[in-house]
Every structure is written in C-alpha cells, then in structure tokens.
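Source file: data_30.pdb. Holds: PDB, C-alpha atoms, pLDDT in the B column.
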ATOM      1  CA  MET A   1     -24.202 -87.076 -40.001  1.00 57.00           C
ATOM      2  CA  ALA A   2     -21.762 -84.422 -41.140  1.00 61.00           C
ATOM      3  CA  THR A   3     -18.758 -83.337 -39.110  1.00 66.00           C
ATOM      4  CA  LEU A   4     -16.778 -80.165 -39.495  1.00 63.00           C
ATOM      5  CA  THR A   5     -13.136 -80.173 -38.544  1.00 64.00           C
ATOM      6  CA  THR A   6     -11.003 -77.079 -38.553  1.00 63.00           C
ATOM      7  CA  ASN A   7      -7.265 -76.994 -38.491  1.00 64.00           C
ATOM      8  CA  ILE A   8      -5.766 -73.503 -38.361  1.00 60.00           C
ATOM      9  CA  SER A   9      -2.463 -74.712 -39.780  1.00 63.00           C
ATOM     10  CA  GLU A  10      -4.242 -75.690 -43.005  1.00 64.00           C
ATOM     11  CA  ALA A  11      -5.979 -72.312 -43.340  1.00 65.00           C
ATOM     12  CA  PRO A  12      -4.729 -69.928 -46.002  1.00 80.00           C
ATOM     13  CA  ALA A  13      -1.995 -67.530 -44.923  1.00 80.00           C
ATOM     14  CA  ALA A  14      -4.320 -64.518 -45.188  1.00 81.00           C
ATOM     15  CA  VAL A  15      -6.747 -66.051 -42.681  1.00 79.00           C
ATOM     16  CA  ARG A  16      -3.920 -66.976 -40.282  1.00 79.00           C
ATOM     17  CA  ASN A  17      -2.513 -63.441 -40.498  1.00 86.00           C
ATOM     18  CA  TRP A  18      -5.950 -61.936 -39.920  1.00 85.00           C
ATOM     19  CA  LEU A  19      -6.534 -64.112 -36.850  1.00 85.00           C
ATOM     20  CA  ALA A  20      -3.057 -63.294 -35.548  1.00 86.00           C
ATOM     21  CA  SER A  21      -3.694 -59.560 -35.926  1.00 89.00           C
ATOM     22  CA  ILE A  22      -6.971 -59.868 -34.013  1.00 90.00           C
ATOM     23  CA  GLY A  23      -5.158 -61.729 -31.238  1.00 88.00           C
ATOM     24  CA  THR A  24      -2.458 -59.071 -31.101  1.00 90.00           C
ATOM     25  CA  ALA A  25      -5.059 -56.282 -30.933  1.00 90.00           C
ATOM     26  CA  LEU A  26      -6.899 -58.039 -28.104  1.00 91.00           C
ATOM     27  CA  GLN A  27      -3.657 -58.531 -26.198  1.00 92.00           C
ATOM     28  CA  CYS A  28      -2.700 -54.847 -26.573  1.00 90.00           C
ATOM     29  CA  GLY A  29      -6.156 -53.762 -25.443  1.00 89.00           C
ATOM     30  CA  LEU A  30      -6.055 -56.005 -22.401  1.00 88.00           C
ATOM     31  CA  GLU A  31      -2.597 -54.771 -21.431  1.00 87.00           C
ATOM     32  CA  ALA A  32      -3.737 -51.148 -21.786  1.00 83.00           C
ATOM     33  CA  HIS A  33      -6.783 -51.829 -19.623  1.00 82.00           C
ATOM     34  CA  MET A  34      -4.745 -53.534 -16.901  1.00 79.00           C
ATOM     35  CA  ASN A  35      -2.215 -50.710 -16.937  1.00 75.00           C
ATOM     36  CA  ALA A  36      -4.923 -48.065 -16.652  1.00 74.00           C
ATOM     37  CA  ALA A  37      -6.655 -49.947 -13.848  1.00 77.00           C
ATOM     38  CA  SER A  38      -3.465 -50.268 -11.827  1.00 81.00           C
ATOM     39  CA  ARG A  39      -2.719 -46.565 -12.256  1.00 87.00           C
ATOM     40  CA  ARG A  40      -6.248 -45.687 -11.207  1.00 88.00           C
ATOM     41  CA  ASP A  41      -5.559 -47.416  -7.868  1.00 87.00           C
ATOM     42  CA  LYS A  42      -2.432 -45.285  -7.425  1.00 92.00           C
ATOM     43  CA  ILE A  43      -4.375 -42.094  -8.220  1.00 93.00           C
ATOM     44  CA  GLU A  44      -7.079 -42.965  -5.703  1.00 93.00           C
ATOM     45  CA  ALA A  45      -4.473 -43.725  -3.032  1.00 95.00           C
ATOM     46  CA  LEU A  46      -2.801 -40.354  -3.590  1.00 96.00           C
ATOM     47  CA  GLU A  47      -6.128 -38.513  -3.626  1.00 96.00           C
ATOM     48  CA  ALA A  48      -6.955 -40.079  -0.250  1.00 96.00           C
ATOM     49  CA  LYS A  49      -3.846 -38.518   1.319  1.00 96.00           C
ATOM     50  CA  SER A  50      -4.026 -35.230   3.184  1.00 95.00           C
ATOM     51  CA  ASP A  51      -2.525 -32.067   1.746  1.00 95.00           C
ATOM     52  CA  GLU A  52       0.272 -32.313   4.320  1.00 96.00           C
ATOM     53  CA  GLU A  53       1.147 -35.863   3.249  1.00 96.00           C
ATOM     54  CA  LEU A  54       1.212 -34.797  -0.377  1.00 96.00           C
ATOM     55  CA  ALA A  55       3.412 -31.815   0.505  1.00 96.00           C
ATOM     56  CA  GLN A  56       5.897 -34.170   2.172  1.00 96.00           C
ATOM     57  CA  MET A  57       6.081 -36.013  -1.149  1.00 94.00           C
ATOM     58  CA  GLY A  58       6.585 -32.715  -2.949  1.00 95.00           C
ATOM     59  CA  LEU A  59       3.137 -32.855  -4.585  1.00 95.00           C
ATOM     60  CA  THR A  60      -0.012 -30.801  -4.718  1.00 95.00           C
ATOM     61  CA  ARG A  61      -3.430 -32.180  -5.646  1.00 96.00           C
ATOM     62  CA  ASP A  62      -3.258 -30.796  -9.163  1.00 95.00           C
ATOM     63  CA  GLN A  63       0.022 -32.659  -9.755  1.00 94.00           C
ATOM     64  CA  ILE A  64      -1.260 -36.165  -8.908  1.00 95.00           C
ATOM     65  CA  ILE A  65      -2.093 -37.155 -12.505  1.00 91.00           C
ATOM     66  CA  HIS A  66       1.241 -35.817 -13.759  1.00 91.00           C
ATOM     67  CA  TYR A  67       3.028 -37.745 -11.016  1.00 92.00           C
ATOM     68  CA  VAL A  68       1.294 -41.057 -11.728  1.00 90.00           C
ATOM     69  CA  TYR A  69       1.804 -40.863 -15.501  1.00 86.00           C
ATOM     70  CA  ARG A  70       5.225 -39.187 -15.432  1.00 87.00           C
ATOM     71  CA  ASP A  71       6.980 -42.191 -17.026  1.00 83.00           C
ATOM     72  CA  LEU A  72       4.721 -42.051 -20.092  1.00 78.00           C
ATOM     73  CA  PHE A  73       4.325 -38.367 -20.800  1.00 75.00           C
ATOM     74  CA  TYR A  74       6.706 -36.299 -18.754  1.00 59.00           C
ATOM     75  CA  THR A  75      10.161 -37.749 -19.274  1.00 57.00           C
TER
END
Written as structure tokens, how would this file's structure read?
Amino acid sequence: MATLTTNISEAPAAVRNWLASIGTALQCGLEAHMNAASRRDKIEALEAKSDEELAQMGLTRDQIIHYVYRDLFYT
C-alpha cells in the first residue's frame, strides 16, 4: 500500500508563496464580506427610523449611505 505524506515546509518556495497569497486573498475577502454585512445592518436600522428620528440625527433618507460609509469615502 502506498502512502502520501505532505509537508508544506519541504515544498519549494514558489509553492509556499503561492499558497500564502491564496490565504491572504481569502482573508481579505472574508474581512470585506464581514465589514459589508455589519454595515448593511446599520443601513437597515437607519432606514427603519422615521423621518423625524433621522432629522434629529441631522440626516435625510438620501444621506444614509453617505453616513454609514463616511469613514471610507467621505473623510
């Protein structure tokens, strides 16, 4: 019977770098997804407010997206 053993530390540097870059890309994608999902909750919460509640916050409905993403785009 044949057995196959793999040890990443013995793999060539190019393979290790390739696997590391895939891991980094997956991590960045997951972080972006989690960030977008958490902001979506904030958007929905603001959209559920009445116009009067938004006015007390100094917002109108068309400003909700700008408000939620202000730290990324509107600094």
What is the distance, in Å and to one decimal place, between CA of Arg40 (chain A) and CA of Ala25 (chain A)?
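Computed distance, CA of Arg40 (chain A) to CA of Ala25 (chain A), equals 22.4 Å.
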Can you work out which one of A:Arg16, A:Arg39, A:Lys49, A:His33 has the shortest atom-to-atom distance to Ile65 (chain A), counting only C-alpha atoms?
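Selected residue with least distance to Ile65 (chain A): A:Arg39.
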The PyMOL selection byres ((chain A and resi 67) around 12) applied to the shown file, residues as a count of residues only
24
